[in-house]
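Undergrad: Contents of final_20.txt (compact mmCIF, C-alpha atoms) are below:
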```txt
# COMPACT_ATOMS: atom_id res chain seq x y z
CA MET D 515 28.53 46.42 -28.00
CA ALA D 516 29.31 48.78 -25.11
CA LYS D 517 32.74 48.64 -23.51
CA TYR D 518 31.67 49.88 -20.06
CA PRO D 519 32.73 47.85 -17.03
CA CYS D 520 30.46 44.85 -16.88
CA ARG D 521 31.00 42.12 -14.33
CA LEU D 522 27.81 40.17 -13.71
CA LEU D 523 27.14 37.51 -11.10
CA ILE D 524 24.06 35.35 -11.58
CA TYR D 525 23.13 33.33 -8.51
CA GLY D 526 20.30 30.93 -7.72
CA ASN D 527 19.15 27.34 -7.41
CA SER D 528 19.87 24.67 -9.99
CA GLY D 529 17.26 24.91 -12.72
CA SER D 530 16.52 28.60 -12.08
CA GLY D 531 17.81 29.71 -15.49
CA LYS D 532 21.25 31.02 -14.49
CA THR D 533 23.25 29.37 -17.25
CA THR D 534 20.71 30.24 -19.93
CA MET D 535 20.83 33.89 -18.87
CA ALA D 536 24.63 33.91 -18.53
CA ARG D 537 25.16 32.45 -22.01
CA ARG D 538 22.75 34.97 -23.54
CA LEU D 539 24.36 37.95 -21.78
CA ALA D 540 27.87 36.77 -22.66
CA LYS D 541 26.91 36.68 -26.32
CA GLU D 542 24.93 39.94 -26.33
CA ARG D 543 27.50 41.95 -24.39
CA GLY D 544 30.72 40.29 -25.53
CA LEU D 545 31.58 39.01 -22.05
CA GLU D 546 33.76 36.13 -20.98
CA TRP D 547 31.64 33.51 -19.23
CA MET D 548 32.43 31.20 -16.34
CA SER D 549 30.06 28.57 -14.98
CA LEU D 550 30.95 27.77 -11.39
CA ASP D 551 29.70 24.23 -12.03
CA ASP D 552 32.84 23.75 -14.13
CA ILE D 553 35.14 24.35 -11.17
CA ALA D 554 33.08 23.44 -8.09
CA TRP D 555 33.28 19.67 -8.47
CA LYS D 556 36.20 17.27 -8.57
CA PRO D 557 36.49 15.76 -12.04
CA ASP D 558 36.21 12.02 -12.56
CA SER D 559 35.09 11.25 -9.01
CA SER D 560 33.14 8.05 -8.46
CA ALA D 561 30.61 10.15 -6.54
CA PRO D 562 30.05 13.91 -6.67
CA ALA D 563 32.63 15.64 -4.48
CA ARG D 564 33.32 19.34 -4.12
CA ARG D 565 36.77 20.74 -4.80
CA PRO D 566 38.37 22.65 -1.95
CA ARG D 567 36.96 26.18 -1.74
CA GLU D 568 40.42 27.74 -1.81
CA ASP D 569 41.32 25.94 -5.06
CA CYS D 570 38.14 27.25 -6.67
CA GLY D 571 38.94 30.73 -5.37
CA LEU D 572 42.28 30.68 -7.17
CA VAL D 573 40.57 29.76 -10.43
CA ILE D 574 37.95 32.50 -9.98
CA ASN D 575 40.55 35.13 -9.14
CA GLY D 576 42.65 34.12 -12.15
CA PHE D 577 39.60 34.35 -14.42
CA MET D 578 38.79 37.85 -13.16
CA GLU D 579 42.41 38.98 -13.59
CA ARG D 580 42.46 37.78 -17.21
CA HIS D 581 39.03 39.16 -18.14
CA PRO D 582 37.93 42.68 -17.19
CA ARG D 583 34.40 42.05 -18.56
CA TRP D 584 32.67 38.86 -17.48
CA VAL D 585 29.56 37.02 -16.42
CA MET D 586 29.68 34.23 -13.86
CA ASP D 587 26.85 31.93 -12.81
CA GLY D 588 26.43 29.43 -10.02
CA CYS D 589 24.50 28.23 -7.02
CA TYR D 590 27.47 28.13 -4.64
CA GLY D 591 27.37 30.97 -2.11
CA ASP D 592 30.88 30.16 -0.92
CA LEU D 593 32.23 30.64 -4.47
CA ILE D 594 30.05 33.63 -5.37
CA ALA D 595 31.68 35.37 -2.40
CA TYR D 596 35.06 35.41 -4.22
CA ALA D 597 33.68 37.55 -7.05
CA LEU D 598 31.00 39.57 -5.26
CA ARG D 599 33.09 42.63 -4.41
CA HIS D 600 34.32 42.81 -8.03
CA ALA D 601 30.85 42.54 -9.58
CA THR D 602 29.04 45.52 -11.05
CA GLU D 603 25.74 43.65 -10.90
CA LEU D 604 24.28 40.71 -8.98
CA ARG D 605 21.19 38.91 -10.24
CA PHE D 606 19.45 36.45 -7.94
CA LEU D 607 17.09 34.09 -9.79
CA ASN D 608 14.40 32.56 -7.62
CA PRO D 609 11.46 31.17 -9.63
CA GLY D 610 10.61 28.75 -6.80
CA VAL D 611 11.64 25.18 -6.10
CA ASP D 612 8.86 23.58 -8.14
CA VAL D 613 9.87 25.53 -11.26
CA CYS D 614 13.54 24.65 -10.72
CA VAL D 615 12.72 20.93 -10.36
CA GLU D 616 10.63 21.02 -13.52
CA HIS D 617 13.44 22.77 -15.43
CA CYS D 618 15.88 20.09 -14.26
CA ARG D 619 13.53 17.34 -15.39
CA GLN D 620 13.12 18.99 -18.83
CA ARG D 621 16.81 19.81 -19.26
CA PRO D 622 18.27 18.40 -22.47
CA TRP D 623 21.49 16.40 -22.36
CA GLU D 624 24.45 18.62 -21.45
CA PRO D 625 27.49 17.04 -23.13
CA ASP D 626 29.77 19.65 -21.55
CA LYS D 627 28.83 18.26 -18.12
CA TYR D 628 28.05 14.56 -18.71
CA PRO D 629 29.75 12.05 -21.02
CA THR D 630 26.42 10.44 -22.00
CA GLU D 631 22.72 11.15 -21.74
CA ALA D 632 22.43 8.07 -19.52
CA ALA D 633 25.03 9.50 -17.12
CA GLN D 634 23.03 12.72 -16.86
CA ASP D 635 19.79 10.78 -16.33
CA ALA D 636 21.49 8.76 -13.57
CA MET D 637 22.23 12.00 -11.68
CA LEU D 638 18.75 13.49 -12.07
CA GLU D 639 17.28 12.36 -8.74
CA THR D 640 20.44 13.52 -6.92
CA LEU D 641 20.03 16.91 -8.60
CA VAL D 642 16.34 17.05 -7.67
CA GLU D 643 17.25 16.31 -4.02
CA TRP D 644 19.85 19.13 -4.19
CA VAL D 645 17.25 21.54 -5.62
CA ASN D 646 14.70 20.63 -2.97
CA ALA D 647 17.26 21.18 -0.18
CA TYR D 648 18.59 24.48 -1.56
CA ASP D 649 17.17 26.92 0.90
```
Any chance you could put this one into structure tokens?

TA:
Amino acid sequence: MAKYPCRLLIYGNSGSGKTTMARRLAKERGLEWMSLDDIAWKPDSSAPARRPREDCGLVINGFMERHPRWVMDGCYGDLIAYALRHATELRFLNPGVDVCVEHCRQRPWEPDKYPTEAAQDAMLETLVEWVNAYD
């Protein structure tokens, strides 16, 4: 495993393959990984609600200070902006909206994001709307 500076940002629509790529690169290159999904949304909200941008920025900056080698993935341009000037590489994944929707529909249950498979299924159409509106 090389120890050269490696700070990767992976950006694109939901379902584009960002997290899959980020997890693989983190493992292959020994990088710390941050999914912006984990910090972008308020936890335990009755409806999806974004956290304040500035709060997310503090978390991102703290992550970068603690980890000189990292990979970060997300679909949030406002949050990507916090890390962009520190990145050594930016990857934009754009397989097209139809592919992203299909990936979302085929996505297995993500227990790190949803307490039950039913909870994830209940959010699917909201996610598909988000993907279709992500221009």

Undergrad: Determine, counting only C-alpha atoms, which protein, DNA and RNA residues have an atom within 9 Å of an atom of Cys618 of chain D; residues of the same chain fewer than 6 positions away are not included. Present the result as an NGL selection string.

TA: :D and (528-530 or 638 or 641-642 or 645)

Undergrad: Find the residues around segment 608-613 of chain D up to 12 Å (all atoms listed in the file counted), leave out those fewer than 3 positions away in its own chain, and share them as number ranges by chain.

TA: D: 524-532, 589, 605, 616-620, 642-649

Undergrad: Rounded to one decimal place, report the atom CA of Glu579 of chain D-atom CA of Pro625 of chain D distance in Å.

TA: 28.2 Å

Undergrad: Quote the spacing between atom CA of Trp547 of chain D and atom CA of Gly591 of chain D in Å to one decimal place.

TA: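 Going from atom CA of Trp547 of chain D over to atom CA of Gly591 of chain D, I get 17.8 Å.
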
Undergrad: Just give me the gap between atom CA of Arg521 of chain D and atom CA of His600 of chain D in Å, one decimal is fine.

TA: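 Spanning atom CA of Arg521 of chain D to atom CA of His600 of chain D is a straight-line distance of 7.2 Å.
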
Undergrad: Of the candidates D:Ala597, D:Val615, D:Ala632, D:Ile574, which one gets nearest to Ala554 of chain D if we count only C-alpha atoms?

TA: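 Under the stated criterion, the closest residue is D:Ile574.
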
Undergrad: Set the distance at 12 Å and use only C-alpha atoms: which residues neighbour Asp626 of chain D once local chain neighbours fewer than 6 positions away are removed? I'd like the list as a PyMOL selection string.

TA: chain D and resi 549+551-552+634

Undergrad: Considering all atoms listed in the file, state which residue in the set D:Glu639, D:Asp558, D:Glu603, D:Glu631 is at the smallest distance from Trp584 of chain D.

TA: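 Once distances to Trp584 of chain D are computed over all atoms listed in the file, the minimum belongs to D:Glu603.
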
Undergrad: Find the spatial neighbours of Val585 of chain D, counting only C-alpha atoms, within a cut-off of 12 Å - ignore same-chain residues fewer than 6 positions away - and output them as a PyMOL selection string.

TA: chain D and resi 519-525+532-550+574+577-578+594+597-598+600-605

Undergrad: Between D:Tyr596, D:Glu624, D:Arg583, D:Pro557, single out the one closest to Tyr518 of chain D, counting only C-alpha atoms.

TA: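 The answer is D:Arg583, which sits nearest to Tyr518 of chain D.
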
Undergrad: Only N, CA and C atoms, as a short mmCIF file (atom, residue, chain, number, x, y, z; two decimals), in the first residue's frame: that is what I want for segment 579-593 of chain D.

TA:
```cif
data_model
loop_
_atom_site.label_atom_id
_atom_site.label_comp_id
_atom_site.auth_asym_id
_atom_site.auth_seq_id
_atom_site.Cartn_x
_atom_site.Cartn_y
_atom_site.Cartn_z
N GLU D 579 -8.73 16.84 9.30
CA GLU D 579 -7.62 17.12 10.22
C GLU D 579 -7.09 15.85 10.87
N ARG D 580 -7.99 14.93 11.19
CA ARG D 580 -7.59 13.68 11.85
C ARG D 580 -6.99 12.65 10.89
N HIS D 581 -7.34 12.75 9.60
CA HIS D 581 -6.94 11.72 8.64
C HIS D 581 -6.28 12.36 7.42
N PRO D 582 -4.97 12.19 7.27
CA PRO D 582 -4.29 12.78 6.11
C PRO D 582 -4.59 12.05 4.80
N ARG D 583 -5.06 10.81 4.88
CA ARG D 583 -5.37 10.01 3.68
C ARG D 583 -6.83 9.56 3.80
N TRP D 584 -7.65 9.97 2.83
CA TRP D 584 -9.07 9.69 2.95
C TRP D 584 -9.75 9.58 1.59
N VAL D 585 -10.96 9.03 1.66
CA VAL D 585 -11.89 9.04 0.54
C VAL D 585 -13.24 9.47 1.12
N MET D 586 -13.91 10.35 0.39
CA MET D 586 -15.20 10.88 0.82
C MET D 586 -16.16 10.74 -0.35
N ASP D 587 -17.40 10.33 -0.08
CA ASP D 587 -18.36 10.25 -1.17
C ASP D 587 -19.67 10.91 -0.79
N GLY D 588 -20.33 11.49 -1.80
CA GLY D 588 -21.62 12.11 -1.55
C GLY D 588 -22.20 12.75 -2.79
N CYS D 589 -23.43 13.16 -2.67
CA CYS D 589 -24.14 13.80 -3.78
C CYS D 589 -24.48 15.25 -3.45
N TYR D 590 -23.84 15.79 -2.42
CA TYR D 590 -24.18 17.12 -1.90
C TYR D 590 -23.10 18.12 -2.30
N GLY D 591 -23.36 18.89 -3.34
CA GLY D 591 -22.38 19.87 -3.81
C GLY D 591 -21.97 20.84 -2.73
N ASP D 592 -22.91 21.24 -1.88
CA ASP D 592 -22.57 22.20 -0.82
C ASP D 592 -21.59 21.60 0.19
N LEU D 593 -21.63 20.29 0.39
CA LEU D 593 -20.70 19.65 1.33
C LEU D 593 -19.39 19.26 0.65
#
```
